[in-house]
file work-v6.txt (compact mmCIF, C-alpha atoms)
# COMPACT_ATOMS: atom_id res chain seq x y z
CA MET A 1 68.98 -81.18 1.89
CA SER A 2 70.34 -79.96 -1.42
CA ALA A 3 73.95 -79.66 -2.47
CA HIS A 4 73.85 -75.86 -2.28
CA ALA A 5 76.72 -74.36 -0.32
CA PRO A 6 75.62 -72.35 2.72
CA ARG A 7 75.69 -68.58 2.24
CA THR A 8 75.82 -65.89 4.87
CA GLY A 9 75.76 -62.80 2.63
CA GLY A 10 78.62 -60.43 1.92
CA TRP A 11 80.11 -57.99 -0.53
CA TRP A 12 82.34 -60.67 -2.03
CA GLN A 13 79.45 -62.66 -3.47
CA PRO A 14 78.24 -62.12 -7.03
CA ARG A 15 75.00 -60.22 -7.52
CA ARG A 16 71.94 -62.39 -7.97
CA ASP A 17 70.79 -62.40 -11.59
CA LEU A 18 67.03 -61.89 -11.60
CA SER A 19 66.52 -62.58 -15.29
CA GLY A 20 64.53 -65.77 -15.66
CA LYS A 21 63.81 -66.10 -11.94
CA ARG A 22 60.40 -67.52 -11.01
CA ALA A 23 58.65 -65.52 -8.31
CA ILE A 24 55.49 -65.33 -6.22
CA VAL A 25 54.59 -61.86 -4.93
CA THR A 26 51.74 -61.46 -2.43
CA GLY A 27 49.85 -58.25 -1.77
CA ALA A 28 50.35 -57.35 -5.43
CA SER A 29 47.12 -55.41 -6.00
CA SER A 30 48.54 -52.19 -4.54
CA GLY A 31 51.40 -50.49 -2.76
CA VAL A 32 54.76 -52.15 -2.27
CA GLY A 33 53.60 -55.57 -3.46
CA ARG A 34 52.38 -54.19 -6.76
CA ALA A 35 55.55 -52.12 -7.22
CA VAL A 36 57.78 -55.12 -6.48
CA ALA A 37 55.87 -57.34 -8.94
CA THR A 38 56.27 -54.67 -11.62
CA ALA A 39 59.96 -54.11 -10.89
CA LEU A 40 60.75 -57.83 -10.98
CA ALA A 41 58.89 -58.34 -14.27
CA ARG A 42 60.84 -55.47 -15.79
CA ARG A 43 64.03 -57.26 -14.74
CA GLY A 44 62.94 -60.37 -16.62
CA CYS A 45 61.44 -62.34 -13.71
CA HIS A 46 58.48 -64.62 -14.29
CA VAL A 47 56.07 -63.23 -11.70
CA LEU A 48 52.94 -64.80 -10.26
CA ALA A 49 51.13 -61.91 -8.55
CA THR A 50 48.44 -62.58 -5.99
CA ALA A 51 45.95 -60.60 -3.93
CA ARG A 52 42.20 -60.67 -3.35
CA ARG A 53 41.23 -58.01 -5.91
CA GLU A 54 41.25 -59.67 -9.30
CA ASP A 55 40.52 -56.48 -11.23
CA ARG A 56 43.63 -54.87 -9.78
CA LEU A 57 45.72 -57.91 -10.68
CA ALA A 58 44.38 -57.90 -14.23
CA ALA A 59 45.38 -54.25 -14.57
CA LEU A 60 48.85 -55.09 -13.23
CA ALA A 61 49.23 -57.90 -15.76
CA SER A 62 48.45 -55.50 -18.60
CA ASP A 63 51.64 -53.48 -17.97
CA GLN A 64 53.29 -53.27 -21.39
CA ARG A 65 56.69 -52.28 -19.97
CA SER A 66 57.38 -55.68 -18.43
CA VAL A 67 60.11 -57.79 -20.01
CA THR A 68 58.12 -60.90 -19.12
CA PRO A 69 54.32 -61.19 -18.73
CA ILE A 70 52.92 -61.02 -15.22
CA HIS A 71 50.70 -63.96 -14.33
CA TYR A 72 48.14 -63.61 -11.56
CA LEU A 73 45.88 -65.64 -9.33
CA ALA A 74 43.33 -63.93 -7.10
CA GLY A 75 42.50 -65.31 -3.67
CA ASP A 76 42.85 -65.01 0.08
CA ILE A 77 46.41 -65.72 1.20
CA CYS A 78 45.03 -66.56 4.67
CA ASN A 79 43.25 -69.58 3.20
CA PRO A 80 45.40 -72.75 3.47
CA GLU A 81 43.84 -74.27 0.37
CA PHE A 82 44.55 -71.15 -1.65
CA ARG A 83 48.20 -71.16 -0.54
CA GLN A 84 48.57 -74.72 -1.82
CA LYS A 85 46.84 -73.78 -5.07
CA LEU A 86 49.05 -70.71 -5.50
CA VAL A 87 52.31 -72.63 -5.19
CA ALA A 88 51.07 -75.43 -7.45
CA PHE A 89 50.03 -72.82 -10.03
CA ALA A 90 53.51 -71.23 -9.97
CA VAL A 91 55.33 -74.54 -10.26
CA ASP A 92 53.06 -75.74 -13.08
CA ASP A 93 53.33 -72.47 -15.02
CA PHE A 94 57.00 -71.70 -14.44
CA GLY A 95 58.45 -75.17 -13.88
CA GLY A 96 59.73 -74.24 -10.43
CA LEU A 97 60.11 -71.47 -7.90
CA ASP A 98 63.10 -69.28 -7.03
CA LEU A 99 61.75 -66.28 -5.17
CA VAL A 100 58.92 -65.53 -2.76
CA VAL A 101 58.08 -61.95 -1.74
CA ALA A 102 55.54 -61.82 1.10
CA ALA A 103 54.23 -58.26 0.93
CA ALA A 104 50.57 -58.69 1.90
CA GLY A 105 49.61 -57.09 5.19
CA ALA A 106 47.29 -54.77 7.07
CA GLY A 107 47.20 -52.88 10.33
CA ALA A 108 44.85 -51.79 13.08
CA VAL A 109 44.90 -48.69 15.26
CA GLY A 110 43.54 -48.13 18.75
CA PRO A 111 43.97 -49.10 22.41
CA PHE A 112 44.35 -52.84 22.78
CA ARG A 113 41.81 -52.98 25.60
CA ASP A 114 39.08 -51.55 23.37
CA ALA A 115 39.75 -53.72 20.33
CA CYS A 116 37.32 -56.19 18.84
CA PRO A 117 38.04 -59.68 20.18
CA ASP A 118 39.07 -60.94 16.74
CA THR A 119 41.28 -58.01 15.72
CA LEU A 120 44.43 -59.62 17.09
CA SER A 121 43.74 -62.97 15.42
CA ARG A 122 42.97 -61.33 12.06
CA ILE A 123 46.11 -59.19 12.11
CA VAL A 124 48.35 -62.07 13.20
CA ASP A 125 46.77 -64.34 10.60
CA LEU A 126 47.45 -61.95 7.72
CA ASP A 127 50.74 -60.39 8.83
CA PHE A 128 52.42 -63.46 10.33
CA VAL A 129 50.66 -66.81 9.97
CA ALA A 130 49.83 -66.46 6.26
CA PRO A 131 53.37 -65.59 5.12
CA ALA A 132 54.88 -68.18 7.46
CA GLU A 133 52.63 -70.95 6.19
CA LEU A 134 53.09 -69.85 2.58
CA LEU A 135 56.82 -70.27 3.04
CA ARG A 136 56.32 -73.72 4.51
CA VAL A 137 54.46 -74.74 1.34
CA CYS A 138 57.09 -73.08 -0.87
CA LEU A 139 60.20 -74.50 0.76
CA PRO A 140 60.40 -77.82 -1.12
CA SER A 141 60.21 -75.97 -4.46
CA LEU A 142 62.60 -73.23 -3.33
CA ALA A 143 65.15 -75.86 -2.25
CA ARG A 144 65.17 -77.07 -5.85
CA GLY A 145 65.24 -73.53 -7.22
CA ARG A 146 67.95 -71.54 -8.93
CA ASP A 147 69.71 -69.28 -6.41
CA PRO A 148 66.51 -68.98 -4.34
CA ALA A 149 65.51 -66.27 -1.88
CA ILE A 150 62.71 -65.32 0.50
CA VAL A 151 61.68 -61.71 1.16
CA LEU A 152 59.55 -60.89 4.20
CA VAL A 153 58.15 -57.36 4.25
CA GLY A 154 58.16 -56.15 7.83
CA SER A 155 57.96 -52.83 9.62
CA ILE A 156 59.98 -50.54 11.85
CA LEU A 157 57.34 -51.31 14.48
CA GLY A 158 58.77 -54.82 14.52
CA LEU A 159 61.95 -53.24 15.91
CA HIS A 160 60.22 -51.14 18.55
CA PRO A 161 56.43 -50.82 18.93
CA LEU A 162 54.31 -47.71 19.16
CA PRO A 163 51.15 -47.36 21.23
CA LEU A 164 47.81 -47.90 19.48
CA HIS A 165 49.52 -50.37 17.11
CA GLY A 166 49.86 -53.34 19.45
CA GLU A 167 48.47 -56.09 17.22
CA TYR A 168 50.37 -54.96 14.13
CA ALA A 169 53.67 -54.42 15.96
CA ALA A 170 53.43 -57.85 17.60
CA ALA A 171 52.81 -59.57 14.26
CA LYS A 172 55.70 -57.78 12.55
CA ALA A 173 58.04 -58.58 15.45
CA ALA A 174 57.07 -62.23 15.10
CA LEU A 175 57.76 -62.11 11.37
CA ARG A 176 61.20 -60.67 12.03
CA SER A 177 61.94 -63.42 14.55
CA LEU A 178 60.83 -66.07 12.08
CA ALA A 179 63.26 -64.70 9.50
CA GLY A 180 66.10 -64.87 12.00
CA SER A 181 65.27 -68.49 12.79
CA LEU A 182 64.86 -69.54 9.16
CA ARG A 183 68.06 -67.95 7.89
CA PRO A 184 70.50 -70.51 9.38
CA GLU A 185 68.01 -73.35 8.90
CA LEU A 186 67.78 -72.71 5.17
CA ALA A 187 71.40 -71.80 4.53
CA GLY A 188 72.24 -75.42 3.76
CA ASP A 189 69.63 -75.37 0.99
CA GLY A 190 71.10 -72.17 -0.43
CA ILE A 191 67.94 -70.18 0.33
CA ASP A 192 68.58 -66.56 1.32
CA VAL A 193 66.20 -64.78 3.70
CA MET A 194 65.83 -61.00 3.59
CA VAL A 195 63.73 -58.83 5.90
CA VAL A 196 62.44 -55.49 4.62
CA THR A 197 62.00 -53.08 7.52
CA LEU A 198 59.64 -50.45 6.14
CA GLY A 199 58.75 -47.10 7.59
CA PRO A 200 55.98 -44.90 6.17
CA VAL A 201 55.24 -45.69 2.52
CA ALA A 202 52.78 -43.93 0.23
CA SER A 203 50.21 -46.69 -0.20
CA GLU A 204 46.67 -47.71 0.70
CA PHE A 205 47.77 -48.98 4.11
CA TRP A 206 45.86 -46.35 6.08
CA ASP A 207 42.79 -46.80 3.91
CA SER A 208 42.69 -50.55 4.52
CA LEU A 209 42.99 -50.80 8.29
CA MET A 210 41.18 -53.69 9.91
CA ALA A 211 40.20 -51.34 12.73
CA GLY A 212 40.58 -47.70 13.61
CA ALA A 213 41.99 -44.82 11.59
CA ARG A 214 45.33 -43.15 11.14
CA PRO A 215 46.42 -41.20 14.25
CA THR A 216 46.70 -37.46 13.70
CA TRP A 217 50.27 -37.53 14.96
CA SER A 218 51.28 -40.12 12.35
CA ARG A 219 51.73 -37.72 9.45
CA GLY A 220 55.31 -38.20 8.29
CA HIS A 221 56.55 -37.85 4.75
CA PRO A 222 56.41 -41.36 3.28
CA ILE A 223 58.63 -42.74 0.57
CA SER A 224 56.94 -43.92 -2.60
CA ALA A 225 56.11 -47.57 -3.19
CA ASP A 226 58.37 -47.48 -6.26
CA VAL A 227 61.33 -46.29 -4.17
CA ALA A 228 60.69 -49.06 -1.64
CA ALA A 229 60.40 -51.63 -4.43
CA ALA A 230 63.65 -50.49 -6.03
CA ALA A 231 65.42 -50.94 -2.69
CA ILE A 232 63.88 -54.41 -2.28
CA VAL A 233 64.96 -55.54 -5.76
CA GLU A 234 68.47 -54.23 -5.17
CA GLY A 235 68.55 -56.00 -1.82
CA ILE A 236 67.60 -59.28 -3.49
CA GLU A 237 70.32 -58.79 -6.08
CA ARG A 238 72.92 -57.93 -3.44
CA ARG A 239 71.86 -60.80 -1.14
CA ARG A 240 71.10 -58.56 1.83
CA ARG A 241 69.90 -59.98 5.13
CA GLU A 242 67.90 -56.84 5.86
CA ILE A 243 67.18 -53.51 4.24
CA VAL A 244 65.65 -50.35 5.73
CA PRO A 245 64.51 -48.13 2.84
CA GLY A 246 64.39 -44.38 3.48
CA TRP A 247 66.29 -42.18 5.90
CA ARG A 248 63.30 -41.74 8.24
CA ALA A 249 62.98 -45.48 8.71
CA GLN A 250 66.75 -45.72 9.15
CA ALA A 251 66.64 -42.99 11.82
CA TYR A 252 63.84 -44.81 13.66
CA ALA A 253 65.82 -48.08 13.48
CA PHE A 254 68.86 -46.32 14.94
CA VAL A 255 66.90 -44.80 17.82
CA ALA A 256 65.06 -48.10 18.42
CA ARG A 257 68.38 -49.84 18.86
CA TYR A 258 70.30 -47.29 20.91
CA LEU A 259 67.70 -44.99 22.54
CA PRO A 260 64.42 -46.94 22.75
CA GLY A 261 63.30 -44.93 25.76
CA LEU A 262 63.26 -41.82 23.60
CA ILE A 263 60.59 -43.37 21.38
CA ASP A 264 58.50 -44.31 24.41
CA PHE A 265 58.86 -40.81 25.84
CA ALA A 266 57.80 -39.12 22.60
CA ALA A 267 54.87 -41.50 22.13
CA ALA A 268 53.67 -40.94 25.71
CA ARG A 269 53.73 -37.17 25.16
CA HIS A 270 51.67 -37.51 21.99
CA LEU A 271 49.11 -39.66 23.78
CA ALA A 272 48.93 -37.31 26.75
CA THR A 273 48.49 -34.30 24.47
CA GLU A 274 45.71 -35.86 22.45
CA GLY A 275 44.06 -37.76 25.27
CA HIS A 276 43.56 -40.87 23.10
CA ALA A 277 41.28 -38.82 20.85
CA THR A 278 42.96 -40.43 17.86
CA ASP A 279 41.22 -43.74 18.51
CA PRO A 280 37.93 -44.20 16.63
CA ARG A 281 37.27 -47.78 17.75
CA HIS A 282 33.95 -48.08 19.50
CA HIS A 283 34.28 -50.95 21.95
CA GLY A 284 33.96 -53.88 19.61
CA THR A 285 32.66 -52.27 16.42
CA GLU A 286 35.06 -52.07 13.52
CA PRO A 287 34.50 -49.57 10.68
call {"tool": "encode", "arguments": {"input": "work-v6.txt", "output": "structure tokens"}}
result
Amino acid sequence: MSAHAPRTGGWWQPRRDLSGKRAIVTGASSGVGRAVATALARRGCHVLATARREDRLAALASDQRSVTPIHYLAGDICNPEFRQKLVAFAVDDFGGLDLVVAAAGAGAVGPFRDACPDTLSRIVDLDFVAPAELLRVCLPSLARGRDPAIVLVGSILGLHPLPLHGEYAAAKAALRSLAGSLRPELAGDGIDVMVVTLGPVASEFWDSLMAGARPTWSRGHPISADVAAAAIVEGIERRRREIVPGWRAQAYAFVARYLPGLIDFAAARHLATEGHATDPRHHGTEP
């Protein structure tokens, strides 16, 4: 254990200076991950961006507005060997690691009983196991880092699930629980843990589902990825334990905490009205 003093977060603590910080950002080829990588680089962070699509990462690295160049390494974050390679690459290039932002994720839509047998395992692997095991690999380097922090990008469905999103909601709830467990464990090493509870965000999420398609009743007005990223960066600077960007997500979080039955009632009405017609999964065949 390092000599860092435990921190619990609070207004009395100085803002975290991001200039010169060394960061890994997953899911950086699009959406919130890409926006966070860009925002951090513009604050002077040394960013190692990762995702599977190398062409997207190369385009990200060409951003001329960054204060520091964005490095990238393409690969599958669900692959244990790639996770080891990613962390070694960051430590070799940057000389250490101070920040990990786990933003990679995907969803699936449809009745659980009709899902492909491997849908649950694939969702849990990407949305929970991969970030958890990445953190395990990163922890020794983070413990030696400069004012280190972990950011886990979750979902409002981790607070209270919705029907047709069972696999995704379960994985995000697990991620939230992991953060709560890690926070006191890592306090002695001076490592902060922040959960980002996202609602609808304008991204490629609905275009990249592992199964199913967006329900017709899920048509809210999303916040932009840049707005979400700005909130995440500010949360890192202010040492927040959790942030909920956007008033719609905040309203959902409030109802989930104090009136969860209202969410269940509204969801049941939607399902009854549409008669499950929103589900395009065909008994074991994913699009």
call {"tool": "axis_aligned_box", "arguments": {"input": "work-v6.txt", "around": "range 90-103 of chain A", "padding_each_side": "3 Å", "output": "AutoDock Vina command-line options"}}
result
--center_x 58.1 --center_y -67.0 --center_z -7.0 --size_x 16.0 --size_y 23.5 --size_z 22.1
call {"tool": "atom_distance", "arguments": {"input": "work-v6.txt", "atom1": "CA of Ala132 in chain A", "atom2": "CA of Ala106 in chain A"}}
result
15.4 Å
call {"tool": "residues_around", "arguments": {"input": "work-v6.txt", "residues": "Val91 in chain A", "least_positions_apart": "6", "cutoff": "10 Å", "atoms": "all atoms listed in the file", "output": "ChimeraX atom specification"}}
result
/A:22-23,85,97-98,138,141
call {"tool": "write_last_selection", "arguments": {"input": "work-v6.txt", "atoms": "C-alpha atoms", "output": "PDB file, in the frame of the given file"}}
result
ATOM      1  CA  ARG A  22      60.400 -67.520 -11.010  1.00  0.00           C
ATOM      2  CA  ALA A  23      58.650 -65.520  -8.310  1.00  0.00           C
ATOM      3  CA  LYS A  85      46.840 -73.780  -5.070  1.00  0.00           C
ATOM      4  CA  LEU A  97      60.110 -71.470  -7.900  1.00  0.00           C
ATOM      5  CA  ASP A  98      63.100 -69.280  -7.030  1.00  0.00           C
ATOM      6  CA  CYS A 138      57.090 -73.080  -0.870  1.00  0.00           C
ATOM      7  CA  SER A 141      60.210 -75.970  -4.460  1.00  0.00           C
TER       8      SER A 141
END
call {"tool": "atom_distance", "arguments": {"input": "work-v6.txt", "atom1": "CA of Asp63 in chain A", "atom2": "CA of Glu234 in chain A"}}
result
21.2 Å
call {"tool": "atom_distance", "arguments": {"input": "work-v6.txt", "atom1": "CA of Pro69 in chain A", "atom2": "CA of Leu198 in chain A"}}
result
27.6 Å
call {"tool": "residues_around", "arguments": {"input": "work-v6.txt", "residues": "Leu48 in chain A", "least_positions_apart": "2", "cutoff": "8 Å", "atoms": "all atoms listed in the file", "output": "PyMOL selection string"}}
result
chain A and resi 22-25+46+50+70-73+90
call {"tool": "closest_atom_pairs", "arguments": {"input": "work-v6.txt", "of": "range 32-114 of chain A", "to": "range 123-129 of chain A", "cutoff": "8 Å", "atoms": "only C-alpha atoms", "output": "tab-separated table"}}
result
residue	atom	partner	partner_atom	distance
A:Ile77	CA	A:Leu126	CA	7.6
A:Cys78	CA	A:Leu126	CA	6.0
A:Ala104	CA	A:Asp127	CA	7.1
A:Gly105	CA	A:Asp127	CA	5.0
A:Ala106	CA	A:Ile123	CA	6.8
A:Gly107	CA	A:Ile123	CA	6.6
A:Ala108	CA	A:Ile123	CA	7.6
call {"tool": "residues_around", "arguments": {"input": "work-v6.txt", "residues": "Val32 in chain A", "least_positions_apart": "4", "cutoff": "8 Å", "atoms": "all atoms listed in the file", "output": "CSV table (one decimal) with C-alpha atoms, in the frame of the given file"}}
result
chain,number,residue,atom,x,y,z
A,27,GLY,CA,49.8,-58.2,-1.8
A,28,ALA,CA,50.4,-57.4,-5.4
A,36,VAL,CA,57.8,-55.1,-6.5
A,103,ALA,CA,54.2,-58.3,0.9
A,203,SER,CA,50.2,-46.7,-0.2
A,225,ALA,CA,56.1,-47.6,-3.2
A,226,ASP,CA,58.4,-47.5,-6.3
A,228,ALA,CA,60.7,-49.1,-1.6
A,229,ALA,CA,60.4,-51.6,-4.4
call {"tool": "closest_residue", "arguments": {"input": "work-v6.txt", "among": "A:Gly261, A:Gly20, A:Gly31, A:Gly95", "to": "Ser208 in chain A", "atoms": "only C-alpha atoms"}}
result
A:Gly31
call {"tool": "residues_around", "arguments": {"input": "work-v6.txt", "residues": "range 254-258 of chain A", "least_positions_apart": "6", "cutoff": "12 Å", "atoms": "all atoms listed in the file", "output": "VMD selection string"}}
result
chain A and resid 156 to 162 244 247 to 248 264 266
call {"tool": "closest_residue", "arguments": {"input": "work-v6.txt", "among": "A:Ala39, A:Ala74, A:Ala253, A:Val151", "to": "Arg56 in chain A", "atoms": "all atoms listed in the file"}}
result
A:Ala74
call {"tool": "residues_near_point", "arguments": {"input": "work-v6.txt", "point": "(43.9, -47.9, 17.0)", "cutoff": "9 Å", "atoms": "all atoms listed in the file", "output": "ChimeraX atom specification"}}
result
/A:107-112,114-115,163-166,211-215,278-281
call {"tool": "decode", "arguments": {"input": "work-v6.txt", "residues": "range 127-148 of chain A", "atoms": "C-alpha atoms", "output": "compact mmCIF listing (two decimals), in the first residue's frame"}}
result
# COMPACT_ATOMS: atom_id res chain seq x y z
CA ASP A 127 -19.93 -4.12 -19.97
CA PHE A 128 -18.67 -5.64 -16.72
CA VAL A 129 -15.92 -8.25 -16.91
CA ALA A 130 -13.69 -6.34 -19.36
CA PRO A 131 -13.61 -3.07 -17.40
CA ALA A 132 -13.26 -4.93 -14.10
CA GLU A 133 -10.33 -7.00 -15.32
CA LEU A 134 -8.74 -3.98 -17.01
CA LEU A 135 -8.77 -2.23 -13.65
CA ARG A 136 -7.18 -5.24 -12.00
CA VAL A 137 -4.29 -5.00 -14.47
CA CYS A 138 -4.07 -1.21 -14.03
CA LEU A 139 -4.13 -1.07 -10.24
CA PRO A 140 -0.40 -1.59 -9.56
CA SER A 141 0.45 1.28 -11.94
CA LEU A 142 -2.37 3.49 -10.65
CA ALA A 143 -1.16 2.99 -7.06
CA ARG A 144 2.15 4.51 -8.15
CA GLY A 145 0.43 7.25 -10.14
CA ARG A 146 0.06 10.96 -9.54
CA ASP A 147 -3.32 11.70 -7.94
CA PRO A 148 -4.89 8.70 -9.71
